[in-house]
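Visitor: What follows is model20.txt, compact mmCIF, C-alpha atoms.
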```txt
# COMPACT_ATOMS: atom_id res chain seq x y z
CA MET A 1 26.71 -20.49 -10.16
CA GLN A 2 27.85 -17.68 -12.43
CA THR A 3 24.90 -18.19 -14.78
CA ARG A 4 22.58 -18.22 -11.79
CA ALA A 5 24.01 -14.91 -10.52
CA LEU A 6 23.74 -13.46 -14.01
CA GLN A 7 20.11 -14.59 -14.23
CA ILE A 8 19.26 -12.89 -10.94
CA TRP A 9 21.11 -9.78 -12.05
CA ILE A 10 19.03 -9.68 -15.24
CA ASP A 11 15.86 -10.12 -13.15
CA LEU A 12 16.88 -7.19 -10.96
CA ALA A 13 17.62 -5.03 -13.99
CA GLN A 14 14.24 -5.92 -15.51
CA THR A 15 12.36 -4.96 -12.38
CA ARG A 16 14.35 -1.75 -12.23
CA VAL A 17 13.38 -0.84 -15.78
CA LEU A 18 9.72 -1.62 -14.97
CA PHE A 19 10.00 0.69 -11.99
CA ALA A 20 11.48 3.47 -14.03
CA GLN A 21 8.39 3.54 -16.21
CA THR A 22 6.01 4.86 -13.58
CA ASP A 23 4.03 7.62 -15.22
CA ARG A 24 0.77 9.24 -14.27
CA ALA A 25 -1.92 6.65 -13.62
CA ILE A 26 -4.95 8.53 -14.97
CA PRO A 27 -4.86 11.27 -17.55
CA MET A 28 -6.17 14.67 -16.55
CA PRO A 29 -8.94 14.97 -19.21
CA PHE A 30 -10.39 11.67 -18.04
CA LEU A 31 -10.58 12.95 -14.48
CA THR A 32 -12.13 16.22 -15.60
CA VAL A 33 -14.89 14.41 -17.49
CA LEU A 34 -15.55 12.14 -14.52
CA VAL A 35 -15.88 15.08 -12.13
CA PHE A 36 -18.13 16.82 -14.67
CA TRP A 37 -20.47 13.81 -14.76
CA LEU A 38 -20.60 13.67 -10.97
CA ALA A 39 -21.29 17.41 -10.75
CA ILE A 40 -24.21 17.06 -13.19
CA ILE A 41 -25.67 14.13 -11.27
CA PHE A 42 -25.50 16.08 -8.01
CA ALA A 43 -26.94 19.19 -9.66
CA SER A 44 -29.99 17.15 -10.69
CA PHE A 45 -30.34 15.93 -7.10
CA GLY A 46 -30.28 19.52 -5.90
CA LEU A 47 -32.70 20.63 -8.59
CA PHE A 48 -35.59 18.41 -7.54
CA ALA A 49 -35.35 18.43 -3.77
CA ARG A 50 -36.87 21.01 -1.48
CA PRO A 51 -33.77 22.39 0.23
CA ASN A 52 -33.61 21.74 3.95
CA ALA A 53 -30.87 20.79 6.38
CA VAL A 54 -31.18 17.04 5.85
CA VAL A 55 -31.01 17.34 2.07
CA VAL A 56 -27.92 19.56 2.25
CA ALA A 57 -26.24 17.25 4.75
CA ALA A 58 -26.99 14.17 2.66
CA LEU A 59 -25.64 15.83 -0.49
CA LEU A 60 -22.54 16.92 1.43
CA VAL A 61 -21.83 13.41 2.68
CA CYS A 62 -22.41 11.93 -0.78
CA ALA A 63 -20.11 14.52 -2.35
CA VAL A 64 -17.42 13.69 0.20
CA SER A 65 -17.77 10.00 -0.65
CA ALA A 66 -17.47 10.61 -4.38
CA ALA A 67 -14.45 12.87 -3.87
CA SER A 68 -12.85 10.27 -1.61
CA ALA A 69 -13.19 7.69 -4.38
CA ILE A 70 -11.29 10.06 -6.68
CA PHE A 71 -8.74 10.64 -3.91
CA LEU A 72 -8.17 6.88 -3.61
CA ILE A 73 -7.70 6.50 -7.35
CA LEU A 74 -5.16 9.33 -7.48
CA GLU A 75 -3.34 8.25 -4.34
CA LEU A 76 -2.92 4.64 -5.45
CA GLY A 77 -1.71 5.94 -8.80
CA HIS A 78 1.71 6.99 -7.55
CA PRO A 79 2.97 4.51 -4.99
CA PHE A 80 6.07 6.46 -3.91
CA PHE A 81 4.55 9.85 -3.03
CA GLY A 82 1.68 10.97 -0.88
CA LEU A 83 -0.12 9.59 2.13
CA MET A 84 -0.24 5.99 0.96
CA THR A 85 3.18 4.69 -0.01
CA ILE A 86 4.89 1.36 -0.38
CA SER A 87 6.97 0.79 2.73
CA SER A 88 10.71 0.38 2.37
CA VAL A 89 10.86 -1.87 5.45
CA PRO A 90 11.42 -5.14 3.53
CA LEU A 91 14.34 -3.56 1.72
CA SER A 92 15.94 -2.18 4.86
CA ASN A 93 15.44 -5.59 6.46
CA ALA A 94 17.40 -7.00 3.57
CA LEU A 95 20.33 -4.79 4.53
CA ALA A 96 20.96 -6.75 7.72
CA PRO A 97 21.81 -10.12 6.10
CA LEU A 98 23.91 -8.29 3.51
CA GLY A 99 26.56 -7.50 6.11
CA PRO A 100 30.15 -8.27 5.12
CA MET B 1 -0.91 18.89 -7.99
CA SER B 2 -1.08 16.28 -5.28
CA ALA B 3 -3.86 13.78 -4.78
CA VAL B 4 -5.26 15.66 -1.77
CA SER B 5 -5.59 19.01 -3.50
CA LEU B 6 -6.98 17.44 -6.67
CA SER B 7 -9.63 15.55 -4.75
CA LEU B 8 -10.49 18.72 -2.82
CA VAL B 9 -11.04 20.46 -6.15
CA ALA B 10 -13.20 17.52 -7.23
CA PHE B 11 -15.22 17.78 -4.02
CA ALA B 12 -15.71 21.51 -4.54
CA ALA B 13 -16.90 20.88 -8.09
CA ILE B 14 -19.32 18.13 -7.08
CA PHE B 15 -20.82 19.93 -4.11
CA GLY B 16 -20.83 23.16 -6.12
CA GLY B 17 -22.92 21.29 -8.68
CA ALA B 18 -25.42 20.33 -5.99
CA LEU B 19 -25.59 23.93 -4.74
CA LEU B 20 -26.02 25.13 -8.32
CA GLY B 21 -28.98 22.77 -8.65
CA MET B 22 -30.58 24.24 -5.53
CA LEU B 23 -29.93 27.76 -6.80
CA LEU B 24 -31.53 26.92 -10.13
CA ARG B 25 -34.54 25.56 -8.29
CA ALA B 26 -34.90 28.85 -6.46
CA VAL B 27 -34.54 30.87 -9.67
CA LEU B 28 -36.74 28.82 -11.99
CA SER B 29 -40.49 29.30 -11.91
CA GLU B 30 -42.79 26.45 -10.92
CA PRO B 31 -43.88 25.36 -14.46
CA HIS B 32 -40.28 24.54 -15.33
CA LEU B 33 -40.12 21.96 -12.56
CA ASN B 34 -43.20 19.92 -13.36
CA ALA B 35 -43.39 16.14 -13.47
CA ASP B 36 -42.46 15.85 -17.15
CA SER B 37 -39.22 17.80 -16.90
CA ARG B 38 -38.42 15.91 -13.72
CA ASP B 39 -38.77 12.62 -15.59
CA VAL B 40 -36.48 13.77 -18.39
CA VAL B 41 -33.80 15.01 -15.99
CA ARG B 42 -34.06 11.77 -13.99
CA LEU B 43 -33.57 9.71 -17.16
CA GLY B 44 -30.56 11.76 -18.23
CA THR B 45 -28.84 11.59 -14.88
CA GLY B 46 -29.72 7.91 -14.63
CA LEU B 47 -27.75 7.39 -17.82
CA LEU B 48 -24.83 9.40 -16.41
CA ALA B 49 -24.93 7.54 -13.11
CA THR B 50 -24.78 4.16 -14.84
CA LEU B 51 -21.85 5.46 -16.87
CA ALA B 52 -19.96 6.89 -13.90
CA ALA B 53 -20.43 4.08 -11.37
CA PRO B 54 -18.59 1.30 -13.25
CA VAL B 55 -15.92 3.75 -14.41
CA ILE B 56 -15.11 4.70 -10.81
CA GLY B 57 -15.26 1.09 -9.68
CA LEU B 58 -12.96 -0.14 -12.41
CA LEU B 59 -10.52 2.73 -11.87
CA ILE B 60 -10.25 1.95 -8.16
CA ALA B 61 -9.74 -1.74 -8.90
CA SER B 62 -7.03 -1.06 -11.46
CA ALA B 63 -5.25 1.49 -9.26
CA GLN B 64 -5.32 -0.95 -6.38
CA SER B 65 -3.90 -3.76 -8.49
CA SER B 66 -1.13 -1.54 -9.86
CA PHE B 67 -0.22 -0.51 -6.30
CA GLN B 68 -0.14 -4.17 -5.30
CA THR B 69 2.07 -5.01 -8.27
CA LYS B 70 4.57 -2.30 -7.30
CA SER B 71 4.61 -3.53 -3.72
CA ASN B 72 5.24 -7.09 -4.90
CA GLN B 73 8.04 -5.88 -7.14
CA ILE B 74 9.75 -4.36 -4.10
CA LYS B 75 9.53 -7.73 -2.34
CA GLN B 76 10.85 -9.46 -5.46
CA ILE B 77 13.79 -7.06 -5.63
CA THR B 78 14.54 -7.73 -1.96
CA ALA B 79 14.54 -11.49 -2.48
CA ASN B 80 16.71 -11.20 -5.58
CA ILE B 81 19.21 -8.96 -3.82
CA ILE B 82 19.61 -11.41 -0.94
CA LEU B 83 19.99 -14.33 -3.34
CA LEU B 84 22.54 -12.48 -5.43
CA ASP B 85 24.49 -11.52 -2.35
CA ASN B 86 24.55 -15.13 -1.17
CA LEU B 87 25.82 -16.28 -4.55
CA LEU B 88 28.47 -13.55 -4.58
CA ALA B 89 29.55 -14.42 -1.05
CA ARG B 90 30.27 -17.97 -2.19
CA SER B 91 32.25 -16.90 -5.25
CA GLY B 92 35.41 -15.98 -3.42
CA PRO B 93 37.31 -12.79 -2.68
CA GLN B 94 37.14 -11.26 -6.14
CA ALA B 95 33.38 -10.80 -5.70
CA GLN B 96 33.71 -8.73 -2.53
CA PRO B 97 33.75 -5.30 -4.26
CA LEU B 98 30.56 -6.32 -6.06
CA ARG B 99 28.88 -7.14 -2.74
CA GLN B 100 29.90 -3.74 -1.42
CA LEU B 101 28.40 -2.13 -4.55
CA LEU B 102 25.18 -4.07 -4.07
CA ARG B 103 24.97 -3.00 -0.45
CA ASN B 104 25.50 0.64 -1.39
CA GLY B 105 22.81 0.32 -4.04
CA VAL B 106 20.28 -0.99 -1.53
CA THR B 107 21.13 1.80 0.91
CA ILE B 108 20.60 4.41 -1.79
CA LEU B 109 17.31 2.79 -2.82
CA VAL B 110 15.99 2.76 0.75
CA GLU B 111 17.06 6.37 1.25
CA GLY B 112 15.49 7.35 -2.07
CA MET B 113 12.16 5.82 -1.06
CA ALA B 114 12.23 7.51 2.32
CA ARG B 115 13.20 10.83 0.75
CA ALA B 116 10.40 10.69 -1.82
CA LYS B 117 7.97 10.14 1.05
CA CYS B 118 9.34 12.97 3.24
CA GLN B 119 9.63 15.46 0.41
CA CYS B 120 5.99 14.92 -0.36
CA CYS B 121 4.96 15.40 3.27
CA GLN B 122 6.95 18.60 3.72
CA SER B 123 6.54 20.42 0.44
CA ARG B 124 4.51 18.93 -2.34
CA SER B 125 5.75 21.35 -4.96
CA VAL B 126 9.43 20.40 -4.94
CA ARG B 127 9.03 16.64 -5.08
CA SER B 128 11.23 15.00 -7.66
CA GLU B 129 9.39 13.38 -10.51
CA ARG B 130 12.33 11.04 -11.08
CA PRO B 131 11.26 7.48 -10.39
CA VAL B 132 12.84 5.88 -7.36
CA GLY B 133 13.84 2.79 -9.33
CA PHE B 134 16.62 4.65 -11.11
CA VAL B 135 18.95 4.82 -8.14
CA LEU B 136 19.67 1.12 -7.65
```
Starting from the coordinates I provided, produce the structure as structure tokens.

Guide:
Amino acid sequence: MQTRALQIWIDLAQTRVLFAQTDRAIPMPFLTVLVFWLAIIFASFGLFARPNAVVVAALLVCAVSAASAIFLILELGHPFFGLMTISSVPLSNALAPLGP
Amino acid sequence: MSAVSLSLVAFAAIFGGALLGMLLRAVLSEPHLNADSRDVVRLGTGLLATLAAPVIGLLIASAQSSFQTKSNQIKQITANIILLDNLLARSGPQAQPLRQLLRNGVTILVEGMARAKCQCCQSRSVRSERPVGFVL
């Protein structure tokens, strides 16, 4: 039983160390280059279309979609901050059976 | 900077690029925008689009899987804590202080997770960069 407890303790410690190594998911230069590519693509769309309301609206919606993809990437990158986080409900549920 | 502000900057850059294109169209004279130059620009941006599309797709997939991994690790920790507590409960009275320690650790971890979330909602600038996993 002692070895078993020790094994679980080591597992816990391992997961803890893995958790401690959460750094930034994507590097900033990478993101800058990506946004630069997207800006160039959209600039070419704007260059060869006669500007009217529909064209501007379509470009706006497409730009929002592209930016939302980047938002998703960034938001999923750090799971403990921001709008989308891992819930601590399973852990607090674990507190109940831990009673003395 | 937080994800929201960074993606707003990205949106401004992308839509600004589109507006810049329209502005250029207004400024440039007609001969610059003939069929040949249109073909060249189309080819160039086609290359960029094929570069950017898989990059974005793969990034989303990898971010999603890393998020999932973290979430699974939380569940794994929970299961391990309960198991460990059960084992300790069966090991007699000398293990009781350890159980108390474990319980305190879980409380601190839950509070740490909640605090990281709240701090980010209230003021994004003062959030602690210290990973939550340290507190257990």

Visitor: Would you work out the distance separating atom CA of A:Leu83 from atom CA of B:Ile60, expressed in Å to one decimal?

Guide: 16.3 Å

Visitor: Please build the interface table for stretch 48-98 of chain A against stretch 18-32 of chain B with a cut-off of 8 Å, listing for each qualifying residue the nearest atom pair and the distance in Å to one decimal; count all atoms listed in the file, order rows by chain and increasing number, and write it as a tab-separated table.

Guide:
```
residue	atom	partner	partner_atom	distance
A:Phe48	CA	B:Arg25	CA	7.3
A:Ala49	CA	B:Met22	CA	7.7
A:Pro51	CA	B:Met22	CA	6.8
A:Leu59	CA	B:Ala18	CA	7.1
```

Visitor: Can you work out which residues from chain B touch chain A at a cut-off of 7 Å (counting only C-alpha atoms) and hand them back as a ChimeraX atom specification?

Guide: /B:3-4,7,10-11,13-15,17-22,24-25,41,45,48-49,52,59-60,63-64,67,71,73,75,77-78,80,82,84-85,87,103,110,113,116-117,120-121,131,133-134

Visitor: Take the selection from the previous step and output its residues with C-alpha atoms, as a tab-separated table (two decimals), keeping the file's coordinate frame.

Guide:
```
chain	number	residue	atom	x	y	z
B	3	ALA	CA	-3.86	13.78	-4.78
B	4	VAL	CA	-5.26	15.66	-1.77
B	7	SER	CA	-9.63	15.55	-4.75
B	10	ALA	CA	-13.20	17.52	-7.23
B	11	PHE	CA	-15.22	17.78	-4.02
B	13	ALA	CA	-16.90	20.88	-8.09
B	14	ILE	CA	-19.32	18.13	-7.08
B	15	PHE	CA	-20.82	19.93	-4.11
B	17	GLY	CA	-22.92	21.29	-8.68
B	18	ALA	CA	-25.42	20.33	-5.99
B	19	LEU	CA	-25.59	23.93	-4.74
B	20	LEU	CA	-26.02	25.13	-8.32
B	21	GLY	CA	-28.98	22.77	-8.65
B	22	MET	CA	-30.58	24.24	-5.53
B	24	LEU	CA	-31.53	26.92	-10.13
B	25	ARG	CA	-34.54	25.56	-8.29
B	41	VAL	CA	-33.80	15.01	-15.99
B	45	THR	CA	-28.84	11.59	-14.88
B	48	LEU	CA	-24.83	9.40	-16.41
B	49	ALA	CA	-24.93	7.54	-13.11
B	52	ALA	CA	-19.96	6.89	-13.90
B	59	LEU	CA	-10.52	2.73	-11.87
B	60	ILE	CA	-10.25	1.95	-8.16
B	63	ALA	CA	-5.25	1.49	-9.26
B	64	GLN	CA	-5.32	-0.95	-6.38
B	67	PHE	CA	-0.22	-0.51	-6.30
B	71	SER	CA	4.61	-3.53	-3.72
B	73	GLN	CA	8.04	-5.88	-7.14
B	75	LYS	CA	9.53	-7.73	-2.34
B	77	ILE	CA	13.79	-7.06	-5.63
B	78	THR	CA	14.54	-7.73	-1.96
B	80	ASN	CA	16.71	-11.20	-5.58
B	82	ILE	CA	19.61	-11.41	-0.94
B	84	LEU	CA	22.54	-12.48	-5.43
B	85	ASP	CA	24.49	-11.52	-2.35
B	87	LEU	CA	25.82	-16.28	-4.55
B	103	ARG	CA	24.97	-3.00	-0.45
B	110	VAL	CA	15.99	2.76	0.75
B	113	MET	CA	12.16	5.82	-1.06
B	116	ALA	CA	10.40	10.69	-1.82
B	117	LYS	CA	7.97	10.14	1.05
B	120	CYS	CA	5.99	14.92	-0.36
B	121	CYS	CA	4.96	15.40	3.27
B	131	PRO	CA	11.26	7.48	-10.39
B	133	GLY	CA	13.84	2.79	-9.33
B	134	PHE	CA	16.62	4.65	-11.11
```

Visitor: Grab the atom CA of A:Thr3 to atom CA of B:Ser91 distance for me, in Å with one decimal place.

Guide: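 Taking atom CA of A:Thr3 and atom CA of B:Ser91, their separation equals 12.1 Å.
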
Visitor: Give me, please, the distance in Å between atom CA of A:Phe30 and atom CA of B:Ser65, quoted to one decimal.

Guide: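 The value is 19.3 Å.
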
Visitor: Output stretch 9-32 of chain A with N, CA, C and O atoms present, as a compact mmCIF listing (two decimals), in the coordinates of the input.

Guide:
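As written to disk, selection_12.txt reads:
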```txt
# COMPACT_ATOMS: atom_id res chain seq x y z
N TRP A 9 20.76 -11.16 -11.72
CA TRP A 9 21.11 -9.78 -12.05
C TRP A 9 20.19 -9.24 -13.15
O TRP A 9 19.70 -8.10 -13.07
N ILE A 10 19.92 -10.10 -14.15
CA ILE A 10 19.03 -9.68 -15.24
C ILE A 10 17.62 -9.43 -14.69
O ILE A 10 16.96 -8.45 -15.05
N ASP A 11 17.17 -10.30 -13.78
CA ASP A 11 15.86 -10.12 -13.15
C ASP A 11 15.78 -8.76 -12.47
O ASP A 11 14.81 -8.01 -12.63
N LEU A 12 16.83 -8.46 -11.69
CA LEU A 12 16.88 -7.19 -10.96
C LEU A 12 16.80 -6.02 -11.93
O LEU A 12 16.03 -5.07 -11.73
N ALA A 13 17.58 -6.12 -13.02
CA ALA A 13 17.62 -5.03 -13.99
C ALA A 13 16.25 -4.85 -14.62
O ALA A 13 15.78 -3.73 -14.83
N GLN A 14 15.58 -5.99 -14.90
CA GLN A 14 14.24 -5.92 -15.51
C GLN A 14 13.26 -5.20 -14.59
O GLN A 14 12.52 -4.32 -15.01
N THR A 15 13.26 -5.60 -13.32
CA THR A 15 12.36 -4.96 -12.38
C THR A 15 12.65 -3.48 -12.27
O THR A 15 11.76 -2.65 -12.17
N ARG A 16 13.96 -3.15 -12.33
CA ARG A 16 14.35 -1.75 -12.23
C ARG A 16 13.80 -0.95 -13.40
O ARG A 16 13.26 0.14 -13.23
N VAL A 17 13.89 -1.54 -14.60
CA VAL A 17 13.38 -0.84 -15.78
C VAL A 17 11.87 -0.67 -15.66
O VAL A 17 11.32 0.39 -15.98
N LEU A 18 11.17 -1.71 -15.16
CA LEU A 18 9.72 -1.62 -14.97
C LEU A 18 9.39 -0.48 -14.02
O LEU A 18 8.44 0.26 -14.21
N PHE A 19 10.22 -0.35 -12.98
CA PHE A 19 10.00 0.69 -11.99
C PHE A 19 10.18 2.07 -12.58
O PHE A 19 9.47 3.00 -12.23
N ALA A 20 11.17 2.16 -13.47
CA ALA A 20 11.48 3.47 -14.03
C ALA A 20 10.34 4.00 -14.88
O ALA A 20 10.26 5.20 -15.13
N GLN A 21 9.45 3.10 -15.32
CA GLN A 21 8.39 3.54 -16.21
C GLN A 21 7.11 3.88 -15.47
O GLN A 21 6.01 3.58 -15.94
N THR A 22 7.23 4.47 -14.29
CA THR A 22 6.01 4.86 -13.58
C THR A 22 5.60 6.24 -14.07
O THR A 22 6.26 7.22 -13.79
N ASP A 23 4.55 6.31 -14.81
CA ASP A 23 4.03 7.62 -15.22
C ASP A 23 2.66 7.81 -14.55
O ASP A 23 2.22 6.98 -13.77
N ARG A 24 2.04 8.89 -14.88
CA ARG A 24 0.77 9.24 -14.27
C ARG A 24 -0.27 8.16 -14.53
O ARG A 24 -0.43 7.69 -15.66
N ALA A 25 -1.00 7.77 -13.48
CA ALA A 25 -1.92 6.65 -13.62
C ALA A 25 -3.15 7.01 -14.45
O ALA A 25 -3.51 6.28 -15.36
N ILE A 26 -3.81 8.13 -14.14
CA ILE A 26 -4.95 8.53 -14.97
C ILE A 26 -4.68 9.87 -15.61
O ILE A 26 -4.19 10.78 -14.96
N PRO A 27 -5.03 9.99 -16.87
CA PRO A 27 -4.86 11.27 -17.55
C PRO A 27 -5.84 12.31 -17.04
O PRO A 27 -6.95 11.98 -16.60
N MET A 28 -5.39 13.56 -17.10
CA MET A 28 -6.17 14.67 -16.55
C MET A 28 -7.54 14.85 -17.24
O MET A 28 -8.54 15.05 -16.54
N PRO A 29 -7.63 14.78 -18.58
CA PRO A 29 -8.94 14.97 -19.21
C PRO A 29 -9.96 13.95 -18.73
O PRO A 29 -11.14 14.28 -18.52
N PHE A 30 -9.51 12.73 -18.54
CA PHE A 30 -10.39 11.67 -18.04
C PHE A 30 -11.00 12.07 -16.71
O PHE A 30 -12.21 11.98 -16.48
N LEU A 31 -10.13 12.56 -15.82
CA LEU A 31 -10.58 12.95 -14.48
C LEU A 31 -11.57 14.11 -14.57
O LEU A 31 -12.58 14.13 -13.86
N THR A 32 -11.25 15.07 -15.45
CA THR A 32 -12.13 16.22 -15.60
C THR A 32 -13.53 15.78 -16.03
O THR A 32 -14.54 16.24 -15.48
```
